[in-house]
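The file start09.txt contains compact mmCIF, C-alpha atoms:
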```txt
# COMPACT_ATOMS: atom_id res chain seq x y z
CA MET A 267 -6.68 6.77 -1.60
CA ARG A 268 -9.72 4.56 -2.19
CA LEU A 269 -11.28 2.91 -5.21
CA SER A 270 -15.09 2.80 -5.45
CA LEU A 271 -17.43 0.95 -7.79
CA TYR A 272 -20.93 2.27 -8.47
CA GLN A 273 -23.41 -0.60 -8.92
CA PRO A 274 -21.05 -2.93 -10.80
CA ASP A 275 -22.55 -5.42 -13.28
CA GLN A 276 -19.81 -8.01 -13.74
CA ALA A 277 -18.53 -10.25 -10.95
CA GLY A 278 -15.35 -11.00 -12.90
CA ASN A 279 -14.43 -7.33 -13.11
CA VAL A 280 -15.11 -6.82 -9.41
CA GLY A 281 -12.97 -9.85 -8.59
CA THR A 282 -10.11 -8.45 -10.68
CA ILE A 283 -10.45 -5.06 -8.97
CA LEU A 284 -10.54 -6.77 -5.55
CA ARG A 285 -7.24 -8.39 -6.42
CA LEU A 286 -5.79 -5.06 -7.61
CA CYS A 287 -6.82 -3.36 -4.38
CA ALA A 288 -5.50 -6.20 -2.20
CA CYS A 289 -2.12 -6.18 -3.95
CA LEU A 290 -1.75 -2.40 -3.70
CA GLY A 291 -3.21 -1.99 -0.21
CA VAL A 292 -6.01 0.28 -1.42
CA PRO A 293 -9.48 0.05 0.22
CA LEU A 294 -12.41 -0.74 -2.08
CA ASP A 295 -15.99 0.52 -1.77
CA VAL A 296 -18.78 -1.34 -3.55
CA ILE A 297 -21.95 0.72 -3.92
CA GLU A 298 -24.94 -1.57 -4.27
CA PRO A 299 -27.09 -2.90 -5.75
CA CYS A 300 -24.77 -5.04 -7.86
CA GLY A 301 -25.84 -6.72 -11.09
CA PHE A 302 -24.88 -10.11 -9.61
CA PRO A 303 -25.11 -11.80 -6.21
CA PHE A 304 -22.18 -10.40 -4.20
CA SER A 305 -20.75 -13.63 -2.84
CA ASP A 306 -17.44 -15.43 -2.46
CA ARG A 307 -18.45 -17.82 -5.23
CA ALA A 308 -19.24 -15.03 -7.70
CA LEU A 309 -15.92 -13.28 -7.03
CA LYS A 310 -13.65 -16.29 -6.54
CA ARG A 311 -12.62 -16.89 -10.14
CA ALA A 312 -11.06 -13.48 -10.82
CA GLY A 313 -10.32 -12.42 -7.25
CA MET A 314 -8.92 -15.80 -6.26
CA ASP A 315 -7.76 -15.85 -2.66
CA TYR A 316 -6.99 -12.12 -2.76
CA ALA A 317 -10.62 -11.32 -1.96
CA GLU A 318 -9.91 -12.39 1.62
CA MET A 319 -7.01 -9.91 1.81
CA ALA A 320 -8.91 -6.96 0.34
CA ASN A 321 -10.30 -4.17 2.53
CA VAL A 322 -13.85 -3.99 1.13
CA THR A 323 -16.74 -1.85 2.37
CA ARG A 324 -20.17 -2.48 0.93
CA HIS A 325 -22.67 0.39 0.84
CA ALA A 326 -26.39 -0.31 0.46
CA SER A 327 -26.91 2.79 -1.71
CA TRP A 328 -25.31 5.88 -3.20
CA GLU A 329 -26.65 7.91 -0.28
CA ALA A 330 -25.00 5.57 2.25
CA PHE A 331 -21.70 5.79 0.37
CA GLU A 332 -21.89 9.58 0.06
CA ALA A 333 -22.55 9.94 3.80
CA ALA A 334 -19.41 7.89 4.55
CA ALA A 335 -17.14 9.42 1.89
CA GLY A 336 -14.30 11.36 3.45
CA GLY A 337 -12.36 12.68 0.47
CA ARG A 338 -12.76 14.20 -2.95
CA ILE A 339 -14.80 12.05 -5.29
CA VAL A 340 -12.92 11.73 -8.57
CA LEU A 341 -15.16 10.18 -11.20
CA LEU A 342 -13.47 8.27 -14.01
CA THR A 343 -15.67 8.84 -17.02
CA THR A 344 -15.46 8.97 -20.80
CA LYS A 345 -17.22 12.35 -20.42
CA GLY A 346 -14.50 13.74 -18.15
CA GLY A 347 -13.21 17.22 -18.84
CA VAL A 348 -9.71 16.52 -17.50
CA ARG A 349 -7.32 14.04 -19.06
CA LEU A 350 -5.79 11.52 -16.65
CA ASP A 351 -2.28 12.76 -17.44
CA GLU A 352 -3.33 16.33 -16.56
CA ALA A 353 -5.32 15.48 -13.41
CA GLN A 354 -3.88 16.25 -9.97
CA PHE A 355 -4.60 13.63 -7.34
CA LEU A 356 -4.56 13.93 -3.55
CA PRO A 357 -3.82 11.13 -1.05
CA GLY A 358 -7.42 11.14 0.29
CA ASP A 359 -9.11 10.92 -3.11
CA ILE A 360 -11.84 8.41 -3.85
CA LEU A 361 -11.59 7.13 -7.43
CA LEU A 362 -15.13 6.28 -8.53
CA LEU A 363 -15.98 4.07 -11.50
CA GLY A 364 -19.52 3.58 -12.83
CA SER A 365 -21.23 0.34 -13.74
CA GLU A 366 -20.04 -1.40 -16.88
CA SER A 367 -23.35 -1.02 -18.72
CA ARG A 368 -24.69 2.31 -17.48
CA GLY A 369 -21.88 4.37 -15.97
CA VAL A 370 -23.33 6.66 -13.29
CA PRO A 371 -26.57 8.69 -13.31
CA ASP A 372 -26.51 12.45 -13.86
CA ASP A 373 -26.82 13.30 -10.15
CA VAL A 374 -23.74 11.21 -9.28
CA HIS A 375 -21.87 12.72 -12.24
CA ALA A 376 -22.77 16.21 -11.01
CA ARG A 377 -21.76 15.38 -7.41
CA ALA A 378 -18.20 14.40 -8.36
CA ASP A 379 -15.53 16.88 -7.31
CA ALA A 380 -13.54 16.06 -10.46
CA ARG A 381 -14.30 14.21 -13.70
CA VAL A 382 -11.31 12.51 -15.30
CA ARG A 383 -11.02 10.59 -18.56
CA ILE A 384 -8.34 8.21 -19.77
CA PRO A 385 -7.23 9.36 -23.24
CA GLN A 386 -8.10 6.88 -25.99
CA VAL A 387 -7.74 6.76 -29.74
CA GLU A 388 -10.61 8.04 -31.83
CA ASP A 389 -13.58 5.72 -32.52
CA THR A 390 -13.17 3.66 -29.33
CA ARG A 391 -15.93 3.73 -26.70
CA SER A 392 -14.34 2.75 -23.42
CA LEU A 393 -11.85 0.53 -21.63
CA ASN A 394 -12.80 -2.45 -19.51
CA ILE A 395 -13.56 -1.17 -16.00
CA ALA A 396 -10.82 -3.27 -14.36
CA VAL A 397 -8.25 -2.01 -16.89
CA ALA A 398 -9.38 1.58 -16.34
CA ALA A 399 -9.18 1.11 -12.57
CA GLY A 400 -5.60 -0.17 -12.85
CA ILE A 401 -4.47 2.67 -15.13
CA ALA A 402 -6.07 5.43 -13.05
CA LEU A 403 -5.06 3.98 -9.69
CA GLY A 404 -1.47 3.59 -10.91
CA GLU A 405 -1.30 7.26 -11.90
CA ALA A 406 -2.96 8.43 -8.68
CA LEU A 407 -0.58 6.36 -6.52
CA ARG A 408 2.41 7.62 -8.53
CA GLN A 409 1.44 11.24 -7.98
CA THR A 410 0.74 10.83 -4.28
CA GLU A 411 3.70 8.53 -3.59
CA GLY A 412 1.21 5.96 -2.39
CA TRP A 413 2.77 2.82 -3.84
CA PRO A 414 3.37 0.03 -1.30
CA LEU A 415 6.93 -0.08 0.08
```

Using structure tokens, write down the structure from this file.
Amino acid sequence: MRLSLYQPDQAGNVGTILRLCACLGVPLDVIEPCGFPFSDRALKRAGMDYAEMANVTRHASWEAFEAAAGGRIVLLTTKGGVRLDEAQFLPGDILLLGSESRGVPDDVHARADARVRIPQVEDTRSLNIAVAAGIALGEALRQTEGWPL
């Protein structure tokens, strides 16, 4: 199981997700360019010292990420056809989240092997990306018995 961020905009969210991944032992892919300078200083506030513990791979582009991807790409999107509670996850899945302001472009959306949405009440747009990552990763780890021992 991996978590991947497509061109993230907010350093604070990435820092929070770094911490999530470090605590759960899940590798993180960051697909650049980012909307902020990817540096220890930018990530330190939310990621704290967990950023040093996280297994992070940076990819210069979508194409570089796609060439390295080894599992199913499961896109978390408000346009997903499958509800999170009805999705079936596999241990080698890559959970992909789009940028906070733009999501992912149509070609990335089309490339995903599965498109999953987190159910929300009517008249709400979307969850914060770090919250969505935690919810989806928790469900995926539960299904695949991937929680740390």

Subject >> Length of the atom CA of A:Gly400 to atom CA of A:Arg349 vector [Å] >> reply: 15.6 Å

What are the nearest atom pairs, with distances in Å to one decimal, for all residues of stretch 275-330 of chain A that come at most 9 Å from stretch 383-395 of chain A, using all atoms listed in the file, set out by chain and rising residue number as a tab-separated table?
```
residue	atom	partner	partner_atom	distance
A:Asn279	CA	A:Ile395	CA	6.9
A:Val280	CA	A:Ile395	CA	8.8
A:Ile283	CA	A:Ile395	CA	8.6
```

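Point (-22.6, 0.4, -20.1) has the following residues at most 12 Å away: Tyr272, Gln273, Pro274, Asp275, Gln276, Gly301, Thr343, Thr344, Leu363, Gly364, Ser365, Glu366, Ser367, Arg368, Gly369, Val370, Pro371, Arg391, Ser392, Leu393, Asn394 and Ile395 of chain A (atoms considered: all atoms listed in the file).
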
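Once A:Arg338 and its same-chain neighbours fewer than 3 positions away are set aside, Gly358, Asp359, Ile360, Ala378, Asp379 and Ala380 of chain A remain within 8 Å of it when counting only C-alpha atoms.
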
Just the residues within 7 Å of A:Val296, please, counting only C-alpha atoms, with nothing from its chain fewer than 2 positions along; format it as a tab-separated table (two decimals) with C-alpha atoms, in the coordinates of the input.
```
chain	number	residue	atom	x	y	z
A	270	SER	CA	-15.09	2.80	-5.45
A	271	LEU	CA	-17.43	0.95	-7.79
A	272	TYR	CA	-20.93	2.27	-8.47
A	294	LEU	CA	-12.41	-0.74	-2.08
A	298	GLU	CA	-24.94	-1.57	-4.27
A	323	THR	CA	-16.74	-1.85	2.37
A	324	ARG	CA	-20.17	-2.48	0.93
A	325	HIS	CA	-22.67	0.39	0.84
```

Subject >> Shell of 8 Å around A:Ser327, all atoms listed in the file, local chain residues under 4 positions omitted, as a PyMOL selection string >> reply: chain A and resi 297-299+331

Original post:
Separation of atom CA of A:Pro357 and atom CA of A:Thr410, in Å?
Top reply: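 Atom-to-atom, atom CA of A:Pro357 to atom CA of A:Thr410, that is 5.6 Å.
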
**OP:** Please indicate the distance in Å from atom CA of A:Leu415 to atom CA of A:Leu403, rounded to one decimal place.
**Re:** 16.0 Å

Subject >> For A:Ala320: contacts at 10 Å, all atoms listed in the file, fewer than 4 positions along chain excluded, given as a PyMOL selection string >> reply: chain A and resi 283-294+313+315-316
